[in-house]
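Asker: Sharing coords_33.cif, mmCIF, C-alpha atoms:
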data_work
loop_
_atom_site.label_atom_id
_atom_site.label_comp_id
_atom_site.auth_asym_id
_atom_site.auth_seq_id
_atom_site.Cartn_x
_atom_site.Cartn_y
_atom_site.Cartn_z
CA MET A 12 10.45 -133.62 164.19
CA ARG A 13 13.54 -131.65 165.01
CA LEU A 14 16.16 -133.76 163.41
CA GLY A 15 16.69 -132.71 159.88
CA LYS A 16 14.60 -129.63 160.09
CA ASN A 17 14.96 -127.34 157.15
CA SER A 18 17.88 -129.26 155.89
CA VAL A 19 18.42 -131.33 152.86
CA ARG A 20 14.78 -132.01 152.28
CA TYR A 21 14.35 -128.85 150.30
CA THR A 22 12.65 -129.59 147.08
CA GLY A 23 14.34 -126.87 145.19
CA LEU A 24 11.75 -124.22 144.80
CA LEU A 25 13.40 -121.24 143.34
CA ALA A 26 10.35 -119.16 143.59
CA ALA A 27 9.76 -116.34 141.32
CA ALA A 28 8.01 -115.04 144.38
CA LEU A 29 7.53 -111.55 143.25
CA LEU A 30 6.46 -110.16 139.97
CA ALA A 31 5.27 -106.60 139.73
CA GLY A 32 4.53 -106.61 143.42
CA THR A 33 2.30 -109.63 143.27
CA LEU A 34 2.82 -113.00 144.84
CA ILE A 35 2.36 -115.60 142.19
CA ALA A 36 2.65 -119.27 141.57
CA LEU A 37 3.59 -120.17 145.11
CA ALA A 38 1.49 -123.28 144.94
CA ALA A 39 3.34 -124.88 142.07
CA PRO A 40 6.32 -126.84 143.32
CA ALA A 41 9.31 -126.82 141.02
CA SER A 42 11.08 -130.03 140.20
CA PRO A 43 14.28 -130.73 142.16
CA ALA A 44 16.19 -130.70 138.92
CA ARG A 45 15.56 -127.01 138.58
CA ALA A 46 17.03 -126.28 141.95
CA GLN A 47 19.85 -124.07 143.03
CA ALA A 48 21.70 -122.92 139.95
CA ALA A 49 18.57 -121.46 138.40
CA VAL A 50 18.99 -117.97 139.82
CA THR A 51 21.56 -115.96 137.91
CA THR A 52 23.38 -112.83 138.95
CA ASP A 53 21.40 -110.85 136.39
CA ASP A 54 18.11 -112.17 137.81
CA ILE A 55 19.13 -110.99 141.25
CA VAL A 56 20.19 -107.56 140.03
CA ASN A 57 16.92 -107.11 138.14
CA ARG A 58 14.74 -108.17 141.03
CA LEU A 59 16.44 -106.29 143.82
CA GLY A 60 17.00 -102.94 142.14
CA GLY A 61 14.60 -100.06 141.78
CA LEU A 62 13.82 -99.01 145.34
CA GLU A 63 12.98 -95.31 145.21
CA ALA A 64 13.84 -94.37 148.78
CA THR A 65 14.82 -96.01 152.03
CA ALA A 66 11.87 -97.92 153.46
CA GLU A 67 10.45 -97.29 156.90
CA VAL A 68 11.52 -100.64 158.22
CA SER A 69 13.02 -101.04 161.68
CA VAL A 70 14.66 -104.41 162.12
CA PRO A 71 14.65 -104.34 165.96
CA VAL A 72 10.93 -103.51 165.90
CA LEU A 73 10.19 -106.37 163.49
CA ARG A 74 12.29 -108.76 165.56
CA GLN A 75 10.40 -107.81 168.71
CA ARG A 76 7.05 -108.12 166.99
CA ALA A 77 7.87 -111.60 165.69
CA LEU A 78 9.17 -112.73 169.08
CA GLU A 79 6.11 -111.47 170.91
CA ARG A 80 3.78 -113.19 168.54
CA ALA A 81 5.65 -116.50 168.69
CA LYS A 82 5.82 -116.33 172.49
CA SER A 83 2.21 -115.34 173.03
CA LYS A 84 1.15 -118.08 170.63
CA ALA A 85 -1.14 -115.66 168.85
CA ASP A 86 -2.50 -116.94 165.53
CA PRO A 87 -2.02 -120.51 166.80
CA VAL A 88 -2.91 -122.31 163.59
CA PRO A 89 -0.23 -122.01 160.90
CA LEU A 90 -2.75 -122.40 158.09
CA LYS A 91 -3.46 -118.90 156.77
CA ARG A 92 -1.40 -117.32 159.53
CA PRO A 93 -0.97 -113.64 158.57
CA PRO A 94 2.56 -112.37 157.88
CA VAL A 95 4.12 -110.67 160.88
CA ALA A 96 6.02 -108.17 158.76
CA ALA A 97 3.65 -107.36 155.92
CA GLU A 98 5.59 -104.18 155.15
CA LEU A 99 8.40 -106.28 153.69
CA LEU A 100 6.06 -107.69 151.07
CA LYS A 101 5.82 -104.29 149.38
CA LEU A 102 9.55 -104.04 148.77
CA PRO A 103 11.74 -105.48 146.00
CA ARG A 104 12.71 -108.95 147.10
CA LEU A 105 13.80 -112.33 145.90
CA ALA A 106 13.54 -115.81 147.39
CA PHE A 107 16.60 -118.05 147.47
CA GLU A 108 17.06 -121.66 148.26
CA VAL A 109 20.01 -122.06 150.58
CA LYS A 110 20.66 -125.42 152.19
CA PHE A 111 21.92 -125.72 155.73
CA ASP A 112 23.06 -128.60 157.89
CA PRO A 113 20.16 -129.97 159.95
CA ASP A 114 19.23 -127.76 162.91
CA SER A 115 22.27 -125.63 162.22
CA SER A 116 23.32 -122.40 160.58
CA ILE A 117 26.14 -124.06 158.66
CA ILE A 118 25.66 -123.44 154.93
CA ARG A 119 25.91 -126.60 152.82
CA PRO A 120 28.67 -126.58 150.15
CA GLU A 121 26.08 -127.12 147.41
CA SER A 122 24.75 -123.66 148.22
CA TYR A 123 28.08 -121.85 147.98
CA GLN A 124 27.40 -120.99 144.38
CA THR A 125 24.14 -119.27 145.27
CA LEU A 126 25.95 -117.20 147.89
CA GLY A 127 28.63 -116.31 145.35
CA ARG A 128 26.04 -115.19 142.85
CA LEU A 129 24.30 -113.10 145.45
CA ALA A 130 27.65 -111.49 146.25
CA ASP A 131 28.27 -110.86 142.56
CA ALA A 132 24.91 -109.13 142.32
CA LEU A 133 25.51 -106.96 145.39
CA VAL A 134 28.78 -105.70 143.89
CA ARG A 135 27.23 -104.68 140.57
CA SER A 136 27.12 -100.93 140.20
CA THR A 137 23.33 -101.03 139.78
CA LEU A 138 22.87 -102.45 143.27
CA LEU A 139 25.68 -100.56 145.00
CA PRO A 140 23.43 -97.76 146.29
CA TYR A 141 21.17 -100.19 148.13
CA GLY A 142 21.01 -101.81 151.54
CA PHE A 143 19.42 -105.22 152.05
CA LEU A 144 17.65 -107.24 154.67
CA ILE A 145 18.33 -110.96 154.69
CA VAL A 146 15.26 -112.70 156.01
CA GLY A 147 15.36 -116.25 157.35
CA HIS A 148 12.19 -118.37 157.30
CA THR A 149 11.11 -121.84 158.35
CA ASP A 150 8.11 -124.01 157.69
CA SER A 151 5.60 -124.70 160.42
CA THR A 152 7.03 -127.94 161.77
CA GLY A 153 8.69 -127.65 165.17
CA LYS A 154 8.26 -125.06 167.89
CA ARG A 155 7.61 -121.47 166.89
CA GLU A 156 10.21 -119.89 169.14
CA TYR A 157 12.80 -122.45 168.11
CA ASN A 158 12.04 -121.74 164.46
CA LEU A 159 12.41 -118.03 165.06
CA THR A 160 15.85 -118.52 166.61
CA LEU A 161 17.01 -120.97 163.95
CA SER A 162 15.96 -118.67 161.12
CA GLN A 163 17.74 -115.73 162.77
CA ARG A 164 20.94 -117.75 163.06
CA ARG A 165 20.67 -118.79 159.46
CA ALA A 166 20.07 -115.26 158.23
CA ASP A 167 23.05 -114.11 160.31
CA SER A 168 25.12 -116.85 158.76
CA ILE A 169 24.32 -115.66 155.23
CA ARG A 170 25.19 -112.09 156.15
CA ASP A 171 28.44 -113.23 157.76
CA ALA A 172 29.46 -115.19 154.66
CA LEU A 173 28.77 -112.18 152.43
CA VAL A 174 30.78 -109.91 154.71
CA THR A 175 33.72 -112.17 155.57
CA THR A 176 34.20 -114.10 152.34
CA PHE A 177 33.08 -111.63 149.72
CA LYS A 178 33.75 -108.41 151.64
CA ILE A 179 30.35 -106.90 151.06
CA SER A 180 30.10 -103.92 153.39
CA SER A 181 28.35 -104.90 156.62
CA LYS A 182 26.67 -101.49 156.53
CA ARG A 183 24.61 -102.66 153.58
CA LEU A 184 23.40 -105.88 155.18
CA GLN A 185 21.00 -106.57 158.00
CA ALA A 186 19.63 -109.95 158.99
CA ILE A 187 16.42 -111.08 160.63
CA GLY A 188 14.78 -114.41 161.29
CA LEU A 189 11.01 -114.57 161.05
CA GLY A 190 10.66 -118.30 161.64
CA GLU A 191 7.16 -119.43 160.79
CA GLU A 192 5.70 -115.99 161.45
CA GLN A 193 5.95 -114.96 157.80
CA LEU A 194 4.96 -118.06 155.87
CA GLN A 195 5.69 -117.75 152.19
CA ASP A 196 2.92 -120.19 151.40
CA SER A 197 0.46 -119.88 154.25
CA ALA A 198 -1.97 -122.21 152.49
CA HIS A 199 0.63 -124.96 152.84
CA PRO A 200 2.49 -124.13 156.05
CA ALA A 201 4.58 -127.30 156.06
CA ALA A 202 5.70 -126.91 152.45
CA ALA A 203 9.42 -126.64 151.77
CA ILE A 204 9.00 -123.31 150.03
CA ASN A 205 8.50 -121.78 153.47
CA GLN A 206 12.13 -122.50 154.28
CA GLN A 207 13.45 -120.22 151.59
CA LEU A 208 15.49 -117.25 152.43
CA GLN A 209 14.44 -113.85 151.20
CA VAL A 210 16.61 -110.91 150.36
CA VAL A 211 14.69 -107.64 150.56
CA THR A 212 15.90 -104.24 149.38
CA VAL A 213 15.28 -101.85 152.27
CA ALA A 214 17.61 -98.89 151.94
CA LYS A 215 18.91 -96.51 149.32
CA ALA A 216 21.91 -94.25 149.73
CA SER A 217 20.96 -90.63 149.20
CA MET B 14 36.40 -115.19 137.72
CA SER B 15 33.08 -114.29 139.31
CA PHE B 16 32.34 -115.02 142.96
CA GLY B 17 29.60 -117.36 141.78
CA ASP B 18 31.95 -119.46 139.67
CA ALA B 19 34.69 -119.57 142.31
CA ALA B 20 32.20 -120.54 145.01
CA ALA B 21 30.69 -123.18 142.74
CA ILE B 22 34.09 -124.80 142.20
CA LEU B 23 34.72 -124.82 145.92
CA GLY B 24 31.38 -126.39 146.72
CA LYS B 25 31.62 -128.95 143.96
CA SER B 26 35.25 -129.99 144.27
CA CYS B 27 35.47 -129.84 148.06
CA GLY B 28 31.92 -130.52 149.26
CA LYS B 29 32.73 -134.04 150.37
CA ASP B 30 35.98 -132.95 151.99
CA ILE B 31 34.20 -130.22 153.88
CA ASP B 32 31.61 -132.72 155.09
CA ALA B 33 34.29 -135.19 156.10
CA ASN B 34 36.81 -132.88 157.74
CA CYS B 35 35.30 -129.46 158.25
CA ARG B 36 31.79 -130.11 159.53
CA GLY B 37 30.71 -127.11 161.52
CA VAL B 38 32.98 -124.70 159.67
CA ASN B 39 30.88 -122.14 157.87
CA PHE B 40 31.47 -120.45 154.53
CA ASP B 41 34.08 -118.09 155.91
CA SER B 42 36.98 -118.08 153.48
CA THR B 43 39.70 -117.75 156.13
CA ARG B 44 38.43 -120.49 158.42
CA LEU B 45 37.38 -122.81 155.67
CA LYS B 46 40.68 -122.48 153.86
CA ASP B 47 42.57 -123.11 157.11
CA CYS B 48 40.51 -126.19 157.81
CA LEU B 49 40.98 -127.62 154.33
CA TYR B 50 44.68 -126.87 154.47
CA ARG B 51 45.04 -128.64 157.81
CA ASN B 52 43.41 -131.72 156.34
CA GLN B 53 45.39 -131.88 153.14
CA ASP B 54 46.63 -135.39 153.89
CA SER B 55 43.18 -136.86 153.54
CA MET B 56 41.95 -134.46 150.88
CA SER B 57 40.43 -135.68 147.62
CA ALA B 58 42.50 -135.11 144.52
CA GLN B 59 39.82 -132.86 143.04
CA CYS B 60 39.68 -130.62 146.06
CA LYS B 61 43.45 -130.51 146.33
CA ALA B 62 43.65 -129.41 142.72
CA ASP B 63 40.99 -126.71 143.04
CA TYR B 64 40.69 -125.24 146.49
CA SER B 65 43.60 -122.78 146.53
CA GLY B 66 42.67 -121.49 143.12
CA ALA B 67 39.06 -120.95 144.13
CA PHE B 68 39.98 -119.00 147.25
CA GLU B 69 42.52 -117.01 145.25
CA ALA B 70 39.91 -116.11 142.67
CA ILE B 71 37.63 -114.75 145.38
CA GLN B 72 40.51 -112.84 146.91
CA LYS B 73 41.52 -111.44 143.57
CA ARG B 74 38.04 -110.13 142.83
CA VAL B 75 37.85 -108.49 146.23
CA ALA B 76 41.26 -106.87 145.71
CA ALA B 77 40.21 -105.67 142.27
CA ARG B 78 37.66 -103.36 143.87
CA ALA B 79 40.40 -101.52 145.73
CA ALA B 80 42.43 -101.30 142.53
CA VAL B 81 39.73 -99.31 140.73
CA ALA B 82 40.54 -96.15 142.69
CA LYS B 83 44.13 -96.34 141.54
CA MET B 84 43.59 -97.46 137.97
CA CYS B 85 40.85 -94.90 137.40
CA GLU B 86 42.39 -92.02 139.34
CA ARG B 87 42.54 -89.65 136.37
CA GLU B 88 39.07 -90.52 135.11
CA ILE B 89 37.41 -90.20 138.49
CA VAL B 90 38.79 -86.74 139.06
CA LYS B 91 38.97 -85.30 135.55
CA LEU B 92 36.08 -86.94 133.73
CA CYS B 93 33.64 -87.59 136.51
CA GLY B 94 34.37 -84.82 139.01
CA GLY B 95 34.46 -87.37 141.80
CA THR B 96 36.90 -88.38 144.49
CA GLN B 97 38.81 -91.60 145.01
CA LYS B 98 37.24 -92.00 148.41
CA GLU B 99 33.78 -92.35 146.97
CA ILE B 100 34.23 -94.41 143.87
CA SER B 101 30.69 -95.70 143.96
CA ARG B 102 29.46 -92.23 143.10
CA SER B 103 31.65 -92.09 140.01
CA LEU B 104 31.01 -95.61 138.77
CA GLU B 105 28.07 -94.85 136.55
CA CYS B 106 30.01 -92.00 134.97
CA LEU B 107 33.06 -94.22 134.50
CA MET B 108 30.97 -96.85 132.81
CA THR B 109 29.18 -94.51 130.42
CA THR B 110 31.67 -91.76 129.61
CA ARG B 111 33.95 -91.80 126.59
CA GLY B 112 37.67 -91.42 127.13
CA VAL B 113 38.03 -93.91 129.96
CA SER B 114 41.39 -95.66 129.67
CA ALA B 115 41.65 -99.34 128.89
CA ARG B 116 43.25 -100.11 132.23
CA CYS B 117 40.47 -98.32 134.12
CA ASN B 118 37.91 -100.21 132.08
CA GLN B 119 39.68 -103.46 132.83
CA ALA B 120 39.76 -102.68 136.54
CA ILE B 121 36.03 -102.01 136.61
CA GLY B 122 35.39 -105.35 134.93
CA ASP B 123 37.78 -107.25 137.20
CA ALA B 124 36.04 -105.83 140.24
CA GLY B 125 32.69 -107.12 139.03
CA TYR B 126 31.01 -103.71 138.95
CA ARG B 127 29.73 -104.31 135.44
#
When written as structure tokens, how does the structure in this file appear?
Answerer:
Amino acid sequence: MRLGKNSVRYTGLLAAALLAGTLIALAAPASPARAQAAVTTDDIVNRLGGLEATAEVSVPVLRQRALERAKSKADPVPLKRPPVAAELLKLPRLAFEVKFDPDSSIIRPESYQTLGRLADALVRSTLLPYGFLIVGHTDSTGKREYNLTLSQRRADSIRDALVTTFKISSKRLQAIGLGEEQLQDSAHPAAAINQQLQVVTVAKAS
Amino acid sequence: MSFGDAAAILGKSCGKDIDANCRGVNFDSTRLKDCLYRNQDSMSAQCKADYSGAFEAIQKRVAARAAVAKMCEREIVKLCGGTQKEISRSLECLMTTRGVSARCNQAIGDAGYR
């Protein structure tokens, strides 16, 4: 079903997706009441800091790899589909719930606060040395190539808001959409948690 | 005011107005402010009361970053051995060294570096 994809039907999973490098608790859905405002600026700063050196991550290479896999229809079944960019899973990262208009990259007003908090975190002196990759994701409903494109547009939209509204340096921000090629809960490919956005720390100024 | 708080006010006070009049306009402060301004006639009282202030708060915090170089000129050069062009390199020093002036301290806070 295309209409309404990845839109307001988020259930508000603010995943503590990463703890000490381990994926945990992805199966437990949070209640909608806990949505959105749960992530604080301090949480973001704590999670995204601490990268020792710039990671060997090439965004164009990852983009190409994801596109080729979606196009070739490799790993056809979403259940247990392996992540297309496993290297990102080793880096400091945090999952965010950002709501968009249906089938669109327009950020919903109820998610402005989350964007503002992310901007606050990126300005903190602790995070100033770092560069980040904003990663868009979708669940497994809909076409794979469409999902890839939609998630790229949404990741771009987050980066644009950070750059235009909050004047975060564009040099520190890259964006990529991985569609349903990097499922955050591959045991439940249609689960809403798969629509979360991830911010990954990828670079450190020398 | 933090970016988070200013953005929260905007989303909360003007969410319905944005849906009604600015569908398709993304969270780009210039475009969104223009759109809301153009639709003032049909704007909710809450949004009307809050939107300028929220955008101003964001603008103020952005401008505060540029002010740090000026307000902390002496400290950056004398205490931290840095240059005004690369404030980020002096920030940690500015935030941990004794003898930083009150106005420099204030500027660092206003900019949201702390």
Asker: Could you spell out the hits of the PyMOL selection byres ((chain A) within 12 of (chain B)) on the shown file, as JSON, numbers by chain?
Answerer: {"A": [47, 48, 50, 51, 52, 53, 56, 111, 112, 113, 114, 115, 116, 117, 118, 119, 120, 121, 122, 123, 124, 125, 126, 127, 128, 129, 130, 131, 132, 133, 134, 135, 136, 137, 138, 139, 140, 141, 165, 167, 168, 169, 170, 171, 172, 173, 174, 175, 176, 177, 178, 179, 180, 216, 217]}
Asker: What is the distance, in Å and to one decimal place, between CA of Gln185 (chain A) and CA of Leu100 (chain A)?
Answerer: 16.5 Å
Asker: Rounded to one decimal place, report the CA of Arg58 (chain A)-CA of Lys110 (chain A) distance in Å.
Answerer: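 Rounded to one decimal, the two atoms are 21.4 Å apart.
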Asker: Which residues are close to Gln195 (chain A), i.e. within 9 Å by only C-alpha atoms, leaving aside same-chain residues fewer than 3 positions away? Reply as a CSV table (one decimal) with C-alpha atoms, in the coordinates of the input.
Answerer:
chain,number,residue,atom,x,y,z
A,28,ALA,CA,8.0,-115.0,144.4
A,37,LEU,CA,3.6,-120.2,145.1
A,94,PRO,CA,2.6,-112.4,157.9
A,148,HIS,CA,12.2,-118.4,157.3
A,150,ASP,CA,8.1,-124.0,157.7
A,191,GLU,CA,7.2,-119.4,160.8
A,198,ALA,CA,-2.0,-122.2,152.5
A,199,HIS,CA,0.6,-125.0,152.8
A,200,PRO,CA,2.5,-124.1,156.0
A,204,ILE,CA,9.0,-123.3,150.0
A,205,ASN,CA,8.5,-121.8,153.5
A,206,GLN,CA,12.1,-122.5,154.3
A,207,GLN,CA,13.4,-120.2,151.6
Asker: Measure the distance from CA of Cys106 (chain B) to CA of Arg183 (chain A) in Å and round it to one decimal.
Answerer: 22.1 Å
Asker: I'd like the residues picked by the PyMOL selection byres ((chain A and resi 154) around 10) written out as number ranges by chain, using the chain letters and numbers from the file.
Answerer: A: 12-13, 81, 151-153, 155-159, 190-191
Asker: Export C-alpha atoms of the chosen residues as a PDB file, in the coordinates of the input?
Answerer:
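Below is the file result_21.pdb, written as the result:
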ATOM      1  CA  MET A  12      10.450-133.620 164.190  1.00  0.00           C
ATOM      2  CA  ARG A  13      13.540-131.650 165.010  1.00  0.00           C
ATOM      3  CA  ALA A  81       5.650-116.500 168.690  1.00  0.00           C
ATOM      4  CA  SER A 151       5.600-124.700 160.420  1.00  0.00           C
ATOM      5  CA  THR A 152       7.030-127.940 161.770  1.00  0.00           C
ATOM      6  CA  GLY A 153       8.690-127.650 165.170  1.00  0.00           C
ATOM      7  CA  ARG A 155       7.610-121.470 166.890  1.00  0.00           C
ATOM      8  CA  GLU A 156      10.210-119.890 169.140  1.00  0.00           C
ATOM      9  CA  TYR A 157      12.800-122.450 168.110  1.00  0.00           C
ATOM     10  CA  ASN A 158      12.040-121.740 164.460  1.00  0.00           C
ATOM     11  CA  LEU A 159      12.410-118.030 165.060  1.00  0.00           C
ATOM     12  CA  GLY A 190      10.660-118.300 161.640  1.00  0.00           C
ATOM     13  CA  GLU A 191       7.160-119.430 160.790  1.00  0.00           C
TER      14      GLU A 191
END
Asker: Just so the selection is clear, what residues does the PyMOL selection byres ((chain B and resi 118) around 12) cover here, as a ChimeraX atom specification?
Answerer: /B:77,80-86,88-89,104,106-117,119-127
Asker: Closest to Thr160 (chain A) among A:Glu192, A:Leu184, A:Glu63, A:Asn57, using all atoms listed in the file?
Answerer: A:Glu192
Asker: Mind giving me the axis-aligned box for region 25-44 of chain B with 3 Å on every side, centre plus edges in Å to one decimal, as lines of an AutoDock Vina configuration file?
Answerer:
center_x = 35.2
center_y = -126.5
center_z = 152.7
size_x = 15.0
size_y = 23.4
size_z = 23.6
